[in-house]
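One file, data.cif, carrying mmCIF, C-alpha atoms:
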```cif
data_final
loop_
_atom_site.label_atom_id
_atom_site.label_comp_id
_atom_site.auth_asym_id
_atom_site.auth_seq_id
_atom_site.Cartn_x
_atom_site.Cartn_y
_atom_site.Cartn_z
CA MET A 29 60.10 56.72 -0.41
CA ALA A 30 56.96 54.86 -1.42
CA ASP A 31 56.79 52.70 -4.52
CA ASP A 32 54.49 54.14 -7.17
CA ARG A 33 52.09 51.22 -6.74
CA SER A 34 52.06 51.02 -2.95
CA GLY A 35 49.96 54.08 -2.13
CA SER A 36 52.02 54.61 1.02
CA PRO A 37 52.95 58.18 1.93
CA ALA A 38 56.61 59.05 1.46
CA LEU A 39 58.77 58.85 4.56
CA ARG A 40 60.91 61.86 5.44
CA PRO A 41 63.88 60.50 7.38
CA ILE A 42 65.45 63.96 7.66
CA GLU A 43 63.87 67.43 7.65
CA TRP A 44 64.89 70.97 8.53
CA THR A 45 62.40 72.59 10.93
CA GLY A 46 63.73 76.13 10.61
CA ASN A 47 66.04 75.94 13.62
CA ALA A 48 66.85 72.24 14.06
CA ILE A 49 67.23 68.90 12.25
CA ARG A 50 64.31 66.50 12.67
CA VAL A 51 65.27 62.88 12.04
CA ILE A 52 63.87 59.38 12.39
CA ASP A 53 65.67 57.64 15.25
CA GLN A 54 66.80 54.46 13.52
CA THR A 55 67.80 52.82 16.80
CA CYS A 56 64.08 52.55 17.67
CA LEU A 57 63.02 50.75 14.51
CA PRO A 58 61.19 48.54 13.80
CA GLY A 59 59.41 48.68 17.14
CA GLU A 60 58.63 52.40 17.14
CA LEU A 61 58.71 55.26 14.65
CA VAL A 62 60.35 57.96 16.78
CA HIS A 63 61.53 61.37 15.63
CA ARG A 64 64.36 63.26 17.31
CA THR A 65 65.14 66.96 17.17
CA LEU A 66 68.81 67.84 16.89
CA ALA A 67 69.15 71.46 18.01
CA ASP A 68 72.74 71.64 19.26
CA VAL A 69 76.15 70.26 18.33
CA ASP A 70 76.17 67.68 21.13
CA SER A 71 72.90 66.16 19.90
CA VAL A 72 74.12 66.07 16.30
CA VAL A 73 77.39 64.36 17.24
CA ASP A 74 75.57 61.93 19.54
CA ALA A 75 73.02 61.05 16.85
CA ILE A 76 75.78 60.30 14.36
CA GLY A 77 77.84 58.27 16.82
CA ARG A 78 74.91 56.18 18.11
CA LEU A 79 73.56 55.54 14.58
CA VAL A 80 70.33 57.44 15.24
CA VAL A 81 71.19 58.73 11.77
CA ARG A 82 73.31 56.61 9.44
CA GLY A 83 73.98 55.83 5.80
CA ALA A 84 76.57 57.73 3.82
CA PRO A 85 74.23 60.07 1.87
CA GLN A 86 72.16 60.88 4.95
CA LEU A 87 75.31 61.63 6.93
CA GLY A 88 76.30 64.14 4.26
CA ALA A 89 72.98 65.94 4.62
CA VAL A 90 73.05 65.83 8.43
CA GLY A 91 76.65 67.07 8.41
CA ALA A 92 75.78 70.08 6.26
CA LEU A 93 72.69 70.96 8.30
CA GLY A 94 74.79 70.41 11.42
CA VAL A 95 76.95 73.36 10.40
CA VAL A 96 73.83 75.56 10.56
CA VAL A 97 73.02 74.10 14.00
CA ALA A 98 76.55 74.93 15.13
CA MET A 99 76.26 78.49 13.83
CA ASP A 100 72.96 78.98 15.66
CA GLU A 101 74.43 77.62 18.88
CA SER A 102 77.47 79.85 18.45
CA PHE A 103 75.21 82.89 18.11
CA ARG A 104 73.18 81.94 21.21
CA LEU A 105 76.23 81.27 23.40
CA GLY A 106 78.62 83.85 22.00
CA TRP A 107 81.30 81.44 20.84
CA SER A 108 84.54 82.67 19.35
CA GLY A 109 85.46 81.84 15.76
CA PRO A 110 87.92 79.10 16.82
CA ARG A 111 85.31 77.52 19.10
CA LEU A 112 82.78 77.44 16.27
CA ALA A 113 85.37 75.84 13.99
CA ALA A 114 86.12 73.23 16.67
CA ALA A 115 82.43 72.43 17.04
CA ILE A 116 82.05 71.98 13.30
CA GLY A 117 85.13 69.77 13.40
CA ARG A 118 83.47 67.54 16.00
CA ILE A 119 80.60 66.94 13.59
CA ARG A 120 82.97 66.29 10.70
CA ASP A 121 84.94 63.69 12.66
CA ALA A 122 82.01 61.91 14.33
CA ARG A 123 82.46 58.88 12.02
CA PRO A 124 85.63 58.38 9.97
CA THR A 125 84.80 55.89 7.19
CA ALA A 126 81.84 57.54 5.47
CA VAL A 127 83.37 60.21 3.26
CA ASN A 128 79.98 61.91 2.76
CA LEU A 129 79.92 63.22 6.32
CA ALA A 130 83.13 65.21 5.89
CA TRP A 131 82.09 66.17 2.36
CA GLY A 132 78.78 67.62 3.54
CA VAL A 133 80.36 69.48 6.45
CA ASP A 134 83.15 70.90 4.29
CA ARG A 135 80.77 72.00 1.55
CA ALA A 136 78.66 73.93 4.06
CA GLU A 137 81.52 75.22 6.21
CA ARG A 138 83.24 77.00 3.34
CA LEU A 139 80.24 79.37 3.22
CA VAL A 140 80.25 80.26 6.92
CA VAL A 141 81.94 83.58 6.10
CA LEU A 142 78.92 84.47 3.96
CA GLY A 143 76.46 83.98 6.81
CA ARG A 144 73.78 81.58 8.00
CA ASP A 145 71.44 82.00 5.03
CA ALA A 146 74.15 80.98 2.58
CA VAL A 147 75.10 77.93 4.65
CA LEU A 148 71.47 76.85 5.05
CA ALA A 149 70.82 77.23 1.32
CA GLU A 150 73.83 75.02 0.58
CA ALA A 151 72.73 72.38 3.09
CA LEU A 152 69.21 72.27 1.67
CA ALA A 153 70.70 72.04 -1.83
CA ILE A 154 72.65 68.96 -0.70
CA CYS A 155 69.39 67.36 0.47
CA ALA A 156 67.63 68.15 -2.81
CA GLU A 157 70.57 66.94 -4.90
CA ASP A 158 70.64 63.66 -2.97
CA ALA A 159 66.95 63.05 -3.61
CA ALA A 160 67.41 63.65 -7.35
CA ALA A 161 70.57 61.52 -7.43
CA ASN A 162 68.77 58.62 -5.76
CA ARG A 163 66.09 58.57 -8.45
CA ALA A 164 68.71 58.76 -11.19
CA MET A 165 70.70 55.89 -9.67
CA GLY A 166 67.53 53.84 -9.43
CA ARG A 167 66.87 54.22 -13.15
CA LEU A 168 70.49 53.68 -14.22
CA GLY A 169 70.98 50.68 -11.98
CA ALA A 170 67.74 49.03 -13.07
CA ASP A 171 68.58 49.58 -16.74
CA TRP A 172 72.07 48.09 -16.29
CA ILE A 173 70.77 45.00 -14.48
CA LEU A 174 67.88 44.32 -16.86
CA ALA A 175 70.19 44.61 -19.87
CA ARG A 176 72.43 41.85 -18.48
CA CYS A 177 70.04 39.34 -16.94
CA PRO A 178 69.02 36.25 -18.95
CA GLU A 179 65.56 36.40 -20.49
CA GLU A 180 64.27 33.45 -18.49
CA ARG A 181 65.11 35.23 -15.24
CA LEU A 182 63.28 38.35 -16.33
CA ASP A 183 60.24 36.24 -17.23
CA ARG A 184 59.93 34.95 -13.66
CA GLY A 185 61.12 38.12 -11.95
CA LEU A 186 64.46 38.75 -10.29
CA ASN A 187 65.61 37.60 -6.88
CA ALA A 188 67.84 40.32 -5.44
CA LEU A 189 70.06 40.20 -2.36
CA THR A 190 70.83 43.25 -0.24
CA HIS A 191 73.25 43.80 2.65
CA CYS A 192 72.76 46.45 5.33
CA ASN A 193 70.25 49.26 4.72
CA THR A 194 70.50 51.38 1.58
CA GLY A 195 67.00 52.79 1.38
CA ALA A 196 65.33 56.05 2.34
CA LEU A 197 66.62 55.60 5.88
CA ALA A 198 70.20 55.82 4.60
CA THR A 199 69.56 58.87 2.42
CA THR A 200 67.13 61.76 2.20
CA GLU A 201 64.57 59.68 0.28
CA TRP A 202 64.17 56.66 -2.05
CA GLY A 203 67.61 55.11 -1.46
CA THR A 204 70.73 53.96 -3.29
CA ALA A 205 70.94 50.16 -3.74
CA LEU A 206 67.43 49.76 -2.32
CA GLY A 207 66.38 52.56 -4.65
CA VAL A 208 67.39 50.30 -7.56
CA VAL A 209 65.31 47.52 -6.02
CA ARG A 210 62.39 49.94 -5.73
CA GLU A 211 62.75 50.91 -9.39
CA LEU A 212 62.87 47.25 -10.44
CA HIS A 213 59.77 46.60 -8.34
CA ARG A 214 58.06 49.59 -9.94
CA ARG A 215 58.74 47.97 -13.32
CA GLY A 216 57.32 44.65 -12.14
CA GLN A 217 60.70 42.90 -12.23
CA ILE A 218 61.22 41.87 -8.58
CA ALA A 219 60.08 38.42 -7.47
CA LEU A 220 61.79 38.35 -4.07
CA VAL A 221 64.40 40.25 -2.05
CA TYR A 222 66.79 38.40 0.24
CA ALA A 223 67.66 40.92 2.95
CA ASP A 224 70.75 39.97 4.94
CA GLU A 225 70.13 40.63 8.64
CA THR A 226 73.48 42.51 8.82
CA ARG A 227 75.12 41.76 12.13
CA PRO A 228 75.87 43.06 14.66
CA LEU A 229 73.27 45.87 14.63
CA LEU A 230 70.78 44.17 12.28
CA GLN A 231 70.26 47.07 9.90
CA GLY A 232 68.92 44.61 7.33
CA ALA A 233 66.46 42.90 9.66
CA ARG A 234 65.40 46.07 11.46
CA LEU A 235 65.54 48.71 8.73
CA THR A 236 65.61 47.17 5.24
CA SER A 237 62.81 44.73 6.08
CA TRP A 238 60.83 47.61 7.60
CA GLU A 239 61.17 49.65 4.40
CA LEU A 240 60.34 46.70 2.15
CA THR A 241 57.28 45.94 4.28
CA TYR A 242 56.26 49.59 4.11
CA ASP A 243 56.39 49.45 0.30
CA GLY A 244 54.86 46.00 -0.06
CA ILE A 245 57.92 44.47 -1.73
CA PRO A 246 58.12 40.66 -1.26
CA HIS A 247 61.15 39.70 0.80
CA VAL A 248 62.69 37.37 3.33
CA VAL A 249 65.26 38.14 6.01
CA GLN A 250 68.19 35.76 6.18
CA ALA A 251 71.18 35.35 8.49
CA ASP A 252 74.38 36.82 7.07
CA GLY A 253 75.84 33.32 7.09
CA ALA A 254 73.11 32.18 4.65
CA ALA A 255 74.05 34.70 1.95
CA ALA A 256 76.86 32.71 0.31
CA SER A 257 74.86 29.48 0.10
CA ALA A 258 71.85 31.35 -1.31
CA ILE A 259 74.05 32.88 -4.00
CA LEU A 260 75.94 29.68 -4.82
CA GLY A 261 72.68 27.73 -4.71
CA GLY A 262 71.38 29.69 -7.69
CA ILE A 263 68.41 31.36 -6.00
CA VAL A 264 69.85 34.88 -6.20
CA ASP A 265 70.16 36.73 -9.53
CA VAL A 266 71.89 39.93 -8.42
CA ALA A 267 73.34 41.41 -5.23
CA LEU A 268 73.16 45.14 -4.54
CA ILE A 269 74.94 47.07 -1.80
CA GLY A 270 75.75 50.68 -1.01
CA ALA A 271 79.09 52.23 -0.14
CA ASP A 272 80.47 54.57 2.49
CA ARG A 273 83.61 55.35 0.49
CA ILE A 274 84.72 54.46 -3.02
CA ALA A 275 88.44 54.74 -3.77
CA ALA A 276 89.80 56.06 -7.06
CA ASN A 277 90.58 52.55 -8.30
CA GLY A 278 87.04 51.29 -7.56
CA ASP A 279 87.65 49.53 -4.23
CA THR A 280 84.63 50.15 -2.00
CA ALA A 281 84.06 50.26 1.75
CA ASN A 282 80.66 49.11 2.95
CA LYS A 283 79.07 47.44 5.95
CA ILE A 284 81.00 44.48 7.32
CA GLY A 285 80.02 41.30 5.46
CA SER A 286 79.88 42.93 2.03
CA VAL A 287 83.11 41.37 0.78
CA GLY A 288 81.79 37.88 1.54
CA VAL A 289 78.76 38.58 -0.65
CA ALA A 290 81.07 39.82 -3.41
CA LEU A 291 83.22 36.69 -3.27
CA ALA A 292 80.16 34.46 -3.52
CA CYS A 293 78.79 36.45 -6.47
CA HIS A 294 82.17 36.20 -8.22
CA GLU A 295 82.17 32.41 -7.78
CA ALA A 296 78.55 32.09 -8.92
CA GLY A 297 78.98 34.43 -11.89
CA ILE A 298 76.16 36.81 -10.99
CA PRO A 299 76.34 40.62 -10.85
CA PHE A 300 77.57 42.31 -7.70
CA VAL A 301 76.47 45.94 -7.92
CA VAL A 302 77.52 48.90 -5.76
CA VAL A 303 75.17 51.89 -5.79
CA ALA A 304 76.25 55.21 -4.27
CA PRO A 305 76.16 58.92 -5.11
CA TRP A 306 79.15 60.63 -6.69
CA SER A 307 79.83 62.32 -3.33
CA THR A 308 80.86 58.88 -1.99
CA VAL A 309 83.66 58.63 -4.57
CA ASP A 310 86.91 59.77 -2.94
CA LEU A 311 89.41 60.36 -5.73
CA ALA A 312 91.99 61.43 -3.16
CA THR A 313 92.04 57.86 -1.80
CA ALA A 314 93.99 55.73 -4.25
CA ASN A 315 92.73 52.32 -3.19
CA GLY A 316 91.05 50.39 -0.42
CA ASP A 317 94.24 50.01 1.60
CA ALA A 318 94.06 53.73 2.39
CA ILE A 319 90.48 53.64 3.71
CA GLN A 320 90.25 54.01 7.49
CA VAL A 321 87.86 51.37 8.80
CA GLU A 322 85.91 52.39 11.89
CA MET A 323 86.24 50.01 14.86
CA ARG A 324 83.24 50.02 17.18
CA GLY A 325 82.63 48.91 20.75
CA ASP A 326 82.70 45.35 22.08
CA ASP A 327 79.13 45.44 23.40
CA GLU A 328 77.65 45.58 19.88
CA VAL A 329 78.95 42.03 19.37
CA LEU A 330 79.05 40.60 22.90
CA ALA A 331 75.64 41.80 24.11
CA TRP A 332 72.15 42.32 22.74
CA GLY A 333 69.43 44.42 24.31
CA GLY A 334 71.64 44.95 27.33
CA ILE A 335 72.03 41.20 27.91
CA ARG A 336 75.49 39.65 27.67
CA VAL A 337 75.59 36.80 25.12
CA ALA A 338 79.29 35.95 25.39
CA PRO A 339 81.27 34.79 28.43
CA ALA A 340 82.68 37.34 30.82
CA GLY A 341 86.17 38.28 29.72
CA ALA A 342 85.54 37.65 26.02
CA ARG A 343 86.61 40.45 23.70
CA ALA A 344 85.20 41.45 20.32
CA HIS A 345 86.62 42.21 16.90
CA ASN A 346 84.08 44.70 15.59
CA PRO A 347 85.02 46.51 12.37
CA ALA A 348 82.01 48.44 11.10
CA PHE A 349 83.07 48.06 7.46
CA ASP A 350 85.08 45.94 5.08
CA VAL A 351 86.64 46.78 1.72
CA THR A 352 85.66 44.97 -1.48
CA PRO A 353 88.34 44.91 -4.18
CA ALA A 354 87.37 46.49 -7.49
CA ARG A 355 88.02 43.21 -9.35
CA LEU A 356 84.99 41.67 -7.58
CA ILE A 357 82.59 44.52 -8.44
CA SER A 358 80.50 44.11 -11.58
CA ALA A 359 79.22 47.69 -11.59
CA ILE A 360 79.41 50.92 -9.63
CA VAL A 361 76.27 52.98 -10.19
CA THR A 362 76.27 56.72 -9.48
CA GLU A 363 73.98 59.47 -10.73
CA ARG A 364 76.69 60.28 -13.30
CA GLY A 365 76.59 56.85 -14.89
CA VAL A 366 77.82 53.29 -14.48
CA VAL A 367 81.34 51.88 -14.58
CA GLU A 368 82.38 48.23 -14.52
CA PRO A 369 85.44 47.81 -12.26
CA ALA A 370 85.74 44.06 -12.91
CA SER A 371 86.31 44.96 -16.56
CA GLY A 372 89.00 47.50 -15.72
CA GLN A 373 86.93 50.68 -15.55
CA THR A 374 87.36 53.07 -12.61
CA PRO A 375 85.30 55.93 -11.16
CA LEU A 376 87.73 58.33 -12.82
CA GLU A 377 85.88 57.71 -16.07
CA LEU A 378 82.74 59.20 -14.54
CA ARG A 379 84.62 62.35 -13.58
CA GLU A 380 85.54 62.74 -17.24
CA GLY A 381 81.98 62.03 -18.36
CA GLY A 382 82.58 58.45 -19.46
CA GLY A 383 80.97 55.25 -18.26
CA SER A 384 77.74 53.59 -19.26
CA THR A 385 74.32 55.15 -18.85
CA GLY A 386 72.61 51.80 -18.53
#
```

Write out the structure in this file as structure tokens.
Amino acid sequence: MADDRSGSPALRPIEWTGNAIRVIDQTCLPGELVHRTLADVDSVVDAIGRLVVRGAPQLGAVGALGVVVAMDESFRLGWSGPRLAAAIGRIRDARPTAVNLAWGVDRAERLVVLGRDAVLAEALAICAEDAAANRAMGRLGADWILARCPEERLDRGLNALTHCNTGALATTEWGTALGVVRELHRRGQIALVYADETRPLLQGARLTSWELTYDGIPHVVQADGAAASAILGGIVDVALIGADRIAANGDTANKIGSVGVALACHEAGIPFVVVAPWSTVDLATANGDAIQVEMRGDDEVLAWGGIRVAPAGARAHNPAFDVTPARLISAIVTERGVVEPASGQTPLELREGGGSTG
């Protein structure tokens, strides 16, 4: 994960130990760096549901390795074929919005008939492909941004805004949107990062700031409510987010609060860039209206650290994601290239080998 100039050792948010998945427990950050071992289906499903592991690309890798965990548990306990299939289905359905989870599970599950070694090889290939894709997206995204920013902004360095966490902790290494920021920093082009805190679980304050601190990238954490005024006030040059699902028309689902950032960028006339691997593109979903948005529990909004912060009897509206219309998105960056939805391009052009390469 480390920037080339930081000297910090690379973090490994997800590893295969030989018989289990070893992950960084993201619910413990930034206070503690704790690793968890996921050696059965219950622990895999629990880790996904509680956001011990999170981020669309990482969920794809965990889902694929989870199929191996399920096969091992099936062998130990003598499960029937239908019971194994049901267990794999529990992993697949642990979170509905991030298409990568189902994609990773499905890609591994189709090889179950060939045996454990074939499934494990496929799961490890998914991890390796994600790492390579992250680096490619970093280069492509940085090239696209630098080609479109005014010269005077490049001379002083760019101020970038991020929402949620899109770094190594959301992937297998390096990151998607934060990977672009890392690449810009590597090129000496980042002056400051504005990291939205990302309510209600503070992935920006807890995770993105932790990664930026780890790599020595200058940044400030701001309340989500400060994002629009920062953008409209002219102190932000580009906003970068990830995606948990990208529809065929270019609509994207990402952490709640993303669409507000997009609207502010549209008004201010600065680039709003979505960075995600091709596996996040769901061509079977026509547009954002068809994306199922996960609704989470009231306590995430009404309490913090086990302490109630809203009156007794209050209820919460807690969608985990929102959907940004394609017309508000300046660029979608994948490892296959870049398309510009606001100009009428769609991800379909990347399937056919079109799109920009920077």

**Request:** List, as a PyMOL selection string, every residue that the PyMOL selection byres ((chain A and resi 42) around 9) selects in the file provided.
**Result:** chain A and resi 39-41+43-44+49-52+81+86+89-90+155+197+199-201

**Prompt:** What residues come out when you apply the PyMOL selection byres ((chain A and resi 272) around 9) to this file, written as an NGL selection string?
**Reply:** :A and (83-85 or 125-128 or 270-271 or 273-274 or 280-283 or 304 or 308-309 or 349)

What does the file look like for those residues with C-alpha atoms, as a compact mmCIF listing (two decimals), in the frame of the given file?
```
# COMPACT_ATOMS: atom_id res chain seq x y z
CA GLY A 83 73.98 55.83 5.80
CA ALA A 84 76.57 57.73 3.82
CA PRO A 85 74.23 60.07 1.87
CA THR A 125 84.80 55.89 7.19
CA ALA A 126 81.84 57.54 5.47
CA VAL A 127 83.37 60.21 3.26
CA ASN A 128 79.98 61.91 2.76
CA GLY A 270 75.75 50.68 -1.01
CA ALA A 271 79.09 52.23 -0.14
CA ARG A 273 83.61 55.35 0.49
CA ILE A 274 84.72 54.46 -3.02
CA THR A 280 84.63 50.15 -2.00
CA ALA A 281 84.06 50.26 1.75
CA ASN A 282 80.66 49.11 2.95
CA LYS A 283 79.07 47.44 5.95
CA ALA A 304 76.25 55.21 -4.27
CA THR A 308 80.86 58.88 -1.99
CA VAL A 309 83.66 58.63 -4.57
CA PHE A 349 83.07 48.06 7.46
```

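Computed from the coordinates, the atom CA of Arg104 of chain A to atom CA of Val133 of chain A distance equals 20.6 Å.
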
**Request:** With a distance cut-off of 9 Å and all atoms listed in the file, select the neighbouring residues of Asn277 of chain A, excluding the residue or stretch itself and same-chain residues fewer than 4 positions from it, and output the selection as a list in words.
**Result:** Leu311, Thr313, Ala314, Asn315, Gly316, Pro353, Ala354, Pro369, Gln373, Thr374, Pro375 and Leu376 of chain A

**Asked** Got a sec to check which residues sit within 9 Å of (76.4, 35.2, -9.8), counting all atoms listed in the file, and write them as number ranges by chain?
**Response** A: 259-260, 262, 264-267, 292-300

Please report as JSON lines every residue of segment 155-220 of chain A lying within 10 Å of segment 253-258 of chain A, along with the nearest atom pair and their distance in Å (one decimal), using all atoms listed in the file.
```
{"residue": "A:Leu189", "atom": "CA", "partner": "A:Ala255", "partner_atom": "CA", "distance": 8.0}
{"residue": "A:Thr190", "atom": "CA", "partner": "A:Ala255", "partner_atom": "CA", "distance": 9.4}
{"residue": "A:His191", "atom": "CA", "partner": "A:Ala255", "partner_atom": "CA", "distance": 9.2}
```
